[in-house]
$ cat data_28.txt   # compact mmCIF, C-alpha atoms
# COMPACT_ATOMS: atom_id res chain seq x y z
CA MET D 1 -4.10 18.46 26.73
CA ASN D 2 -0.74 18.07 25.02
CA TRP D 3 -0.51 17.48 21.26
CA ASP D 4 2.38 15.02 21.63
CA ASP D 5 0.29 13.01 24.08
CA LEU D 6 -2.68 13.00 21.72
CA ARG D 7 -0.43 11.74 18.89
CA ILE D 8 0.45 8.81 21.14
CA VAL D 9 -3.24 7.94 21.56
CA ALA D 10 -3.56 7.79 17.76
CA ALA D 11 -0.36 5.76 17.38
CA VAL D 12 -1.50 3.15 19.93
CA ARG D 13 -4.84 2.89 18.13
CA ASP D 14 -3.16 2.29 14.76
CA ALA D 15 -0.41 -0.03 16.02
CA GLY D 16 -2.57 -1.96 18.48
CA SER D 17 0.18 -1.96 21.11
CA TYR D 18 2.50 0.25 23.12
CA ALA D 19 5.49 -1.39 21.44
CA GLY D 20 4.15 -0.65 17.96
CA ALA D 21 3.43 2.96 18.87
CA SER D 22 6.92 3.23 20.33
CA ARG D 23 8.53 2.10 17.08
CA ARG D 24 6.33 4.39 14.99
CA LEU D 25 6.99 7.50 17.05
CA ARG D 26 10.60 6.55 17.91
CA ILE D 27 10.17 7.02 21.62
CA ASP D 28 10.58 4.65 24.55
CA GLU D 29 7.72 2.19 25.21
CA THR D 30 7.64 3.27 28.85
CA THR D 31 7.12 6.85 27.73
CA VAL D 32 4.18 5.75 25.58
CA GLY D 33 2.47 4.13 28.57
CA ARG D 34 3.21 7.04 30.89
CA ARG D 35 1.88 9.70 28.51
CA LEU D 36 -1.22 7.66 27.72
CA GLN D 37 -1.96 7.37 31.44
CA ARG D 38 -1.57 11.15 31.71
CA VAL D 39 -4.26 11.67 29.08
CA GLU D 40 -6.56 9.14 30.76
CA ARG D 41 -6.15 10.91 34.11
CA ALA D 42 -6.90 14.28 32.53
CA LEU D 43 -10.04 12.94 30.86
CA GLY D 44 -11.13 10.68 33.69
CA ALA D 45 -11.77 7.94 31.14
CA LYS D 46 -10.11 4.71 30.02
CA LEU D 47 -9.00 4.88 26.39
CA PHE D 48 -7.88 1.31 25.66
CA GLU D 49 -8.76 -2.23 26.71
CA ALA D 50 -6.51 -5.27 26.39
CA VAL D 51 -8.19 -7.80 24.08
CA ASP D 52 -6.34 -10.89 22.78
CA GLY D 53 -2.99 -9.26 23.37
CA MET D 54 -3.96 -6.05 21.52
CA ARG D 55 -4.96 -2.58 22.69
CA ARG D 56 -8.52 -1.91 21.52
CA PRO D 57 -9.91 1.67 21.69
CA THR D 58 -12.91 2.29 23.90
CA ALA D 59 -15.90 4.37 22.84
CA GLN D 60 -14.39 7.35 24.67
CA CYS D 61 -11.13 6.85 22.74
CA ASP D 62 -12.99 6.94 19.43
CA MET D 63 -14.55 10.25 20.44
CA VAL D 64 -11.11 11.68 21.33
CA LEU D 65 -9.60 10.50 18.05
CA SER D 66 -12.36 12.08 15.97
CA HIS D 67 -11.14 15.44 17.28
CA VAL D 68 -7.47 14.49 17.00
CA GLN D 69 -7.91 13.84 13.28
CA THR D 70 -9.23 17.37 12.82
CA ILE D 71 -6.27 18.77 14.77
CA ALA D 72 -3.87 16.70 12.68
CA GLY D 73 -5.22 18.29 9.53
CA HIS D 74 -4.59 21.76 10.93
CA VAL D 75 -1.08 20.80 12.07
CA ALA D 76 -0.27 19.48 8.59
CA GLU D 77 -1.36 22.81 7.07
CA ILE D 78 0.74 24.77 9.57
CA GLU D 79 3.82 22.68 8.77
CA LYS D 80 3.56 23.68 5.12
CA ILE D 81 3.86 27.39 5.89
CA GLY D 82 7.32 28.55 4.97
CA GLY D 83 8.18 25.12 3.60
CA SER D 84 9.74 26.72 0.54
CA GLY D 85 10.31 30.18 -0.78
CA ALA D 86 8.08 29.62 -3.79
CA GLY D 87 5.89 26.98 -5.29
CA VAL D 88 4.03 24.15 -3.58
CA ALA D 89 5.26 22.62 -0.36
CA GLY D 90 4.40 19.60 1.75
CA ARG D 91 5.49 16.10 2.75
CA PHE D 92 3.31 13.20 1.67
CA ARG D 93 3.29 9.48 2.43
CA ILE D 94 2.47 7.08 -0.42
CA ALA D 95 1.68 3.44 0.35
CA SER D 96 2.11 0.80 -2.34
CA THR D 97 3.45 -2.66 -3.01
CA ASN D 98 7.21 -3.05 -3.40
CA MET D 99 7.00 -3.63 -7.15
CA VAL D 100 4.76 -0.62 -7.82
CA ALA D 101 7.17 1.60 -5.89
CA GLU D 102 10.23 0.19 -7.66
CA GLU D 103 8.87 -0.01 -11.19
CA PHE D 104 6.54 3.01 -11.40
CA LEU D 105 7.11 5.52 -8.60
CA ALA D 106 10.86 5.51 -7.94
CA PRO D 107 11.94 6.00 -11.60
CA ARG D 108 9.77 9.13 -11.81
CA ALA D 109 10.20 10.55 -8.31
CA ALA D 110 13.42 12.48 -8.96
CA ALA D 111 11.82 14.58 -11.71
CA LEU D 112 8.88 15.50 -9.46
CA LEU D 113 11.11 16.48 -6.54
CA ALA D 114 13.47 18.44 -8.77
CA ALA D 115 10.56 20.42 -10.21
CA HIS D 116 9.10 21.16 -6.75
CA PRO D 117 11.84 21.78 -4.14
CA GLY D 118 9.21 22.26 -1.43
CA LEU D 119 7.82 18.74 -1.80
CA GLY D 120 8.90 15.65 0.09
CA LEU D 121 7.78 12.03 -0.38
CA GLN D 122 7.84 9.00 1.87
CA LEU D 123 7.29 5.71 0.04
CA LEU D 124 5.76 3.07 2.32
CA THR D 125 6.20 -0.34 0.72
CA SER D 126 4.89 -3.73 1.71
CA SER D 127 3.70 -6.93 0.06
CA GLU D 128 0.48 -6.41 2.04
CA ASN D 129 -1.71 -3.33 2.21
CA VAL D 130 -0.42 -0.60 4.50
CA LYS D 131 -3.31 0.45 6.75
CA PHE D 132 -4.78 3.50 5.06
CA SER D 133 -5.55 5.73 8.01
CA ARG D 134 -4.76 9.41 8.46
CA TRP D 135 -1.84 8.32 10.61
CA GLN D 136 -0.10 6.01 8.17
CA ALA D 137 -0.52 7.26 4.59
CA ASP D 138 -1.81 10.21 2.60
CA PHE D 139 -2.14 8.29 -0.68
CA ALA D 140 -2.18 4.61 -1.56
CA VAL D 141 -1.81 2.73 -4.83
CA ARG D 142 -3.76 -0.51 -4.53
CA LEU D 143 -4.12 -3.50 -6.85
CA ARG D 144 -7.54 -4.32 -5.44
CA LYS D 145 -10.49 -1.96 -5.12
CA PRO D 146 -11.41 -1.49 -1.44
CA ASP D 147 -14.97 -2.37 -0.51
CA LYS D 148 -15.44 0.81 1.50
CA GLY D 149 -13.61 3.52 3.36
CA ASP D 150 -13.54 7.21 4.24
CA PHE D 151 -11.41 8.25 1.26
CA THR D 152 -11.63 9.09 -2.43
CA ILE D 153 -10.87 6.30 -4.88
CA SER D 154 -10.26 6.41 -8.63
CA LYS D 155 -8.86 4.03 -11.21
CA LEU D 156 -5.30 4.58 -12.45
CA GLY D 157 -5.13 1.87 -15.09
CA GLU D 158 -4.82 -1.85 -15.75
CA PHE D 159 -1.93 -4.30 -15.93
CA ARG D 160 -1.97 -6.88 -18.69
CA LEU D 161 -1.34 -10.39 -17.42
CA TYR D 162 0.53 -13.23 -19.11
CA LEU D 163 0.57 -16.92 -18.34
CA PHE D 164 4.10 -18.16 -18.93
CA GLU D 165 4.80 -21.84 -19.55
CA PRO D 166 7.88 -23.68 -20.86
CA ALA D 167 7.65 -24.18 -24.62
CA ALA D 168 8.61 -27.81 -24.02
CA GLU D 169 6.10 -29.76 -21.96
CA ILE D 170 7.24 -30.22 -18.37
CA GLY D 171 4.63 -32.77 -17.36
CA ALA D 172 2.75 -33.19 -14.12
CA GLU D 173 5.95 -32.86 -12.10
CA GLY D 174 6.56 -29.33 -13.37
CA VAL D 175 6.55 -26.42 -10.94
CA ILE D 176 3.43 -24.26 -10.83
CA CYS D 177 3.82 -20.87 -9.13
CA ALA D 178 0.82 -19.45 -7.29
CA TYR D 179 -0.05 -16.56 -4.99
CA PRO D 180 -1.06 -16.88 -1.30
CA ASP D 181 -4.75 -17.36 -0.53
CA GLU D 182 -4.72 -14.31 1.75
CA LEU D 183 -4.34 -12.06 -1.29
CA GLY D 184 -7.94 -12.90 -2.08
CA PRO D 185 -9.68 -13.56 -5.42
CA ILE D 186 -7.17 -11.76 -7.62
CA PRO D 187 -7.32 -12.39 -11.40
CA GLU D 188 -4.09 -14.41 -11.32
CA THR D 189 -5.50 -16.88 -8.81
CA LEU D 190 -8.84 -17.14 -10.61
CA VAL D 191 -7.12 -18.01 -13.89
CA LEU D 192 -4.92 -20.65 -12.25
CA LYS D 193 -7.97 -22.23 -10.65
CA ALA D 194 -9.94 -22.19 -13.91
CA ARG D 195 -7.09 -24.01 -15.70
CA GLY D 196 -6.70 -26.57 -12.92
CA PHE D 197 -3.25 -25.31 -11.98
CA SER D 198 -3.98 -24.25 -8.39
CA GLU D 199 -4.18 -27.82 -7.11
CA ARG D 200 -0.75 -28.53 -8.64
CA ALA D 201 0.93 -25.41 -7.27
CA ARG D 202 4.07 -26.34 -5.36
CA LEU D 203 5.55 -22.89 -4.93
CA VAL D 204 3.49 -20.13 -3.32
CA THR D 205 4.79 -16.58 -2.93
CA ASP D 206 3.68 -12.95 -3.10
CA ASN D 207 7.09 -11.93 -4.52
CA LEU D 208 6.85 -11.30 -8.28
CA ARG D 209 10.62 -11.44 -8.72
CA VAL D 210 10.71 -14.95 -7.28
CA ILE D 211 8.08 -16.11 -9.77
CA ARG D 212 9.91 -14.38 -12.63
CA THR D 213 13.16 -16.10 -11.65
CA LEU D 214 11.54 -19.52 -11.60
CA ILE D 215 9.84 -19.01 -14.95
CA ALA D 216 13.19 -18.00 -16.44
CA THR D 217 14.57 -21.46 -15.58
CA HIS D 218 12.15 -22.92 -18.19
CA GLN D 219 10.96 -25.43 -15.60
CA ALA D 220 8.06 -23.51 -14.08
CA ALA D 221 4.79 -21.88 -15.05
CA GLY D 222 3.17 -18.80 -13.55
CA ILE D 223 1.31 -15.55 -14.18
CA LEU D 224 3.00 -12.15 -14.20
CA PRO D 225 2.06 -8.57 -15.17
CA ASP D 226 3.48 -7.16 -18.36
CA TYR D 227 5.60 -4.44 -16.77
CA ILE D 228 8.17 -6.94 -15.43
CA SER D 229 7.90 -9.47 -18.23
CA ALA D 230 9.83 -7.97 -21.17
CA GLU D 231 12.69 -10.50 -21.02
CA LEU D 232 10.33 -13.43 -20.60
CA LEU D 233 8.22 -12.33 -23.57
CA ALA D 234 11.35 -12.33 -25.73
CA ASP D 235 12.41 -15.80 -24.59
CA ARG D 236 11.54 -18.33 -27.31
CA ARG D 237 11.85 -21.19 -24.86
CA LEU D 238 8.73 -19.89 -23.12
CA ARG D 239 5.11 -19.87 -24.26
CA ALA D 240 3.32 -16.64 -23.26
CA THR D 241 -0.46 -16.41 -23.29
CA LEU D 242 -2.06 -12.98 -22.94
CA LEU D 243 -4.97 -13.38 -20.54
CA PRO D 244 -8.33 -11.70 -21.11
CA ARG D 245 -8.46 -10.64 -17.45
CA ARG D 246 -6.40 -7.69 -16.29
CA ARG D 247 -5.28 -6.38 -12.91
CA ASP D 248 -6.75 -3.01 -11.94
CA VAL D 249 -4.72 -0.27 -10.27
CA TRP D 250 -6.51 2.11 -7.89
CA LEU D 251 -5.56 5.41 -6.27
CA LEU D 252 -6.79 6.16 -2.75
CA VAL D 253 -6.66 9.76 -1.52
CA GLN D 254 -7.43 11.04 1.96
CA ASN D 255 -10.50 13.27 1.69
CA HIS D 256 -8.90 16.21 3.48
CA LEU D 257 -6.24 16.43 0.72
CA LYS D 258 -8.59 16.76 -2.25
CA ARG D 259 -8.39 20.57 -2.27
CA ASP D 260 -4.79 20.83 -1.11
CA VAL D 261 -2.68 22.48 -3.85
CA ALA D 262 0.49 20.52 -3.11
CA ALA D 263 -1.47 17.27 -2.82
CA ARG D 264 -3.00 17.91 -6.25
CA VAL D 265 0.53 18.11 -7.70
CA VAL D 266 1.30 14.69 -6.22
CA ILE D 267 -2.03 13.26 -7.42
CA ASP D 268 -1.35 14.45 -10.97
CA TRP D 269 2.13 12.96 -10.78
CA LEU D 270 0.73 9.61 -9.62
CA ARG D 271 -1.67 9.61 -12.54
CA GLY D 272 1.22 10.39 -14.88
CA CYS D 273 3.17 7.40 -13.52
CA PHE D 274 0.42 5.13 -14.79
CA ALA D 275 -0.56 7.07 -17.92
CA GLU D 276 0.95 4.45 -20.22
CA LEU D 277 -1.21 1.77 -18.64
CA ALA D 278 -4.34 3.80 -19.36
CA LYS D 279 -3.33 4.10 -23.01
CA ALA D 280 -2.63 0.38 -23.26
$ encode --input "data_28.txt" --output "structure tokens"
Amino acid sequence: MNWDDLRIVAAVRDAGSYAGASRRLRIDETTVGRRLQRVERALGAKLFEAVDGMRRPTAQCDMVLSHVQTIAGHVAEIEKIGGSGAGVAGRFRIASTNMVAEEFLAPRAAALLAAHPGLGLQLLTSSENVKFSRWQADFAVRLRKPDKGDFTISKLGEFRLYLFEPAAEIGAEGVICAYPDELGPIPETLVLKARGFSERARLVTDNLRVIRTLIATHQAAGILPDYISAELLADRRLRATLLPRRRDVWLLVQNHLKRDVAARVVIDWLRGCFAELAKA
């Protein structure tokens, strides 16, 4: 068994394809297939099946990966040895939405890294949830509470939400901004439906900046969180209604990191990023 080969098994499982694993590990797709075949020959078992154009792990593959996850934890601990002359050390991946990374994490990251030279962060941003497996992220900041999962979850705070409308009536032809259905029953969508706005929505996007830009034209209505709404709240040509419902923010932590000293520093920092929300 070769650790690099075993990492490829995990990457194919997470990506669902040789091409995806190739991009993630930055190696040639042919190499991915060749090394995977080497593992299968050594084990005498097939690890993946092609289903609907995706590589699905077999039962034997799941058994292999349960051990690989344990090995990965040990490798991560080894990599921290000698990471810095003093203080905590480690590299951690944090998954979040683009706006959370830009508005909360990035402005505070420099102070954390300056205080702990042995730490490194990788911010994984997406408008959708980054898959929270051991292979893709160590921490995640989510705006919806997951139903289940093999990780520790705690609440970081709440965003206040405002419904913005032009102060002057725009009539039935006015633009209503809404969020995609695939985001699920988020508070913003529930409020729009309750007010009868969803049926009139003619612009749908998951990009908060797009909605903010449209609202600023005074010809559109939409719902935004308070942390990007300061200019809109000061605009007298807009009518802002504070909504009773709020948007929760959750922290997900891989279980194997709960007792890690360096990880605790990052967890405390993440909580500090959202401390003002908790007070509000």
$ closest_residue --input "data_28.txt" --among "D:Arg35, D:Arg55, D:Arg142, D:Arg264" --to "Thr125 of chain D" --atoms "all atoms listed in the file"
D:Arg142
$ closest_residue --input "data_28.txt" --among "D:Leu112, D:Ala45, D:Cys61, D:Ala167" --to "Cys273 of chain D" --atoms "only C-alpha atoms"
D:Leu112
$ residues_around --input "data_28.txt" --residues "Leu214 of chain D" --least-positions-apart "2" --cutoff "12 Å" --atoms "all atoms listed in the file" --output "ChimeraX atom specification"
/D:164-166,174-178,202-205,207-212,216-224,232,238
$ residues_near_point --input "data_28.txt" --point "(-2.7, 4.3, -8.5)" --cutoff "9 Å" --atoms "only C-alpha atoms" --output "VMD selection string"
chain D and resid 96 100 139 to 143 154 to 157 249 to 252 270 to 271 273 to 274
$ atom_distance --input "data_28.txt" --atom1 "atom CA of Val64 of chain D" --atom2 "atom CA of Ala15 of chain D"
16.7 Å
$ residues_around --input "data_28.txt" --residues "Ala11 of chain D" --least-positions-apart "4" --cutoff "8 Å" --atoms "all atoms listed in the file" --output "list of chain:residue names"
D:Arg7, D:Ala15, D:Gly20, D:Ala21, D:Arg24, D:Leu25, D:Trp135
$ atom_distance --input "data_28.txt" --atom1 "atom CA of Tyr227 of chain D" --atom2 "atom CA of Gly184 of chain D"
21.7 Å
$ atom_distance --input "data_28.txt" --atom1 "atom CA of Asp4 of chain D" --atom2 "atom CA of Arg41 of chain D"
15.7 Å
$ closest_residue --input "data_28.txt" --among "D:Thr70, D:Asp260, D:Asn255, D:Asp248" --to "Leu277 of chain D" --atoms "all atoms listed in the file"
D:Asp248
$ axis_aligned_box --input "data_28.txt" --around "segment 222-227 of chain D" --padding-each-side "5 Å" --output "AutoDock Vina command-line options"
--center_x 3.5 --center_y -11.6 --center_z -16.0 --size_x 14.3 --size_y 24.4 --size_z 14.8
$ closest_residue --input "data_28.txt" --among "D:Ala168, D:Asp14, D:Phe197, D:Thr189" --to "Arg236 of chain D" --atoms "all atoms listed in the file"
D:Ala168
$ closest_residue --input "data_28.txt" --among "D:Ala275, D:Leu243, D:Ala72, D:Val266" --to "Ala111 of chain D" --atoms "only C-alpha atoms"
D:Val266
$ closest_residue --input "data_28.txt" --among "D:Val39, D:Val253, D:Ala89, D:Leu190" --to "His116 of chain D" --atoms "all atoms listed in the file"
D:Ala89
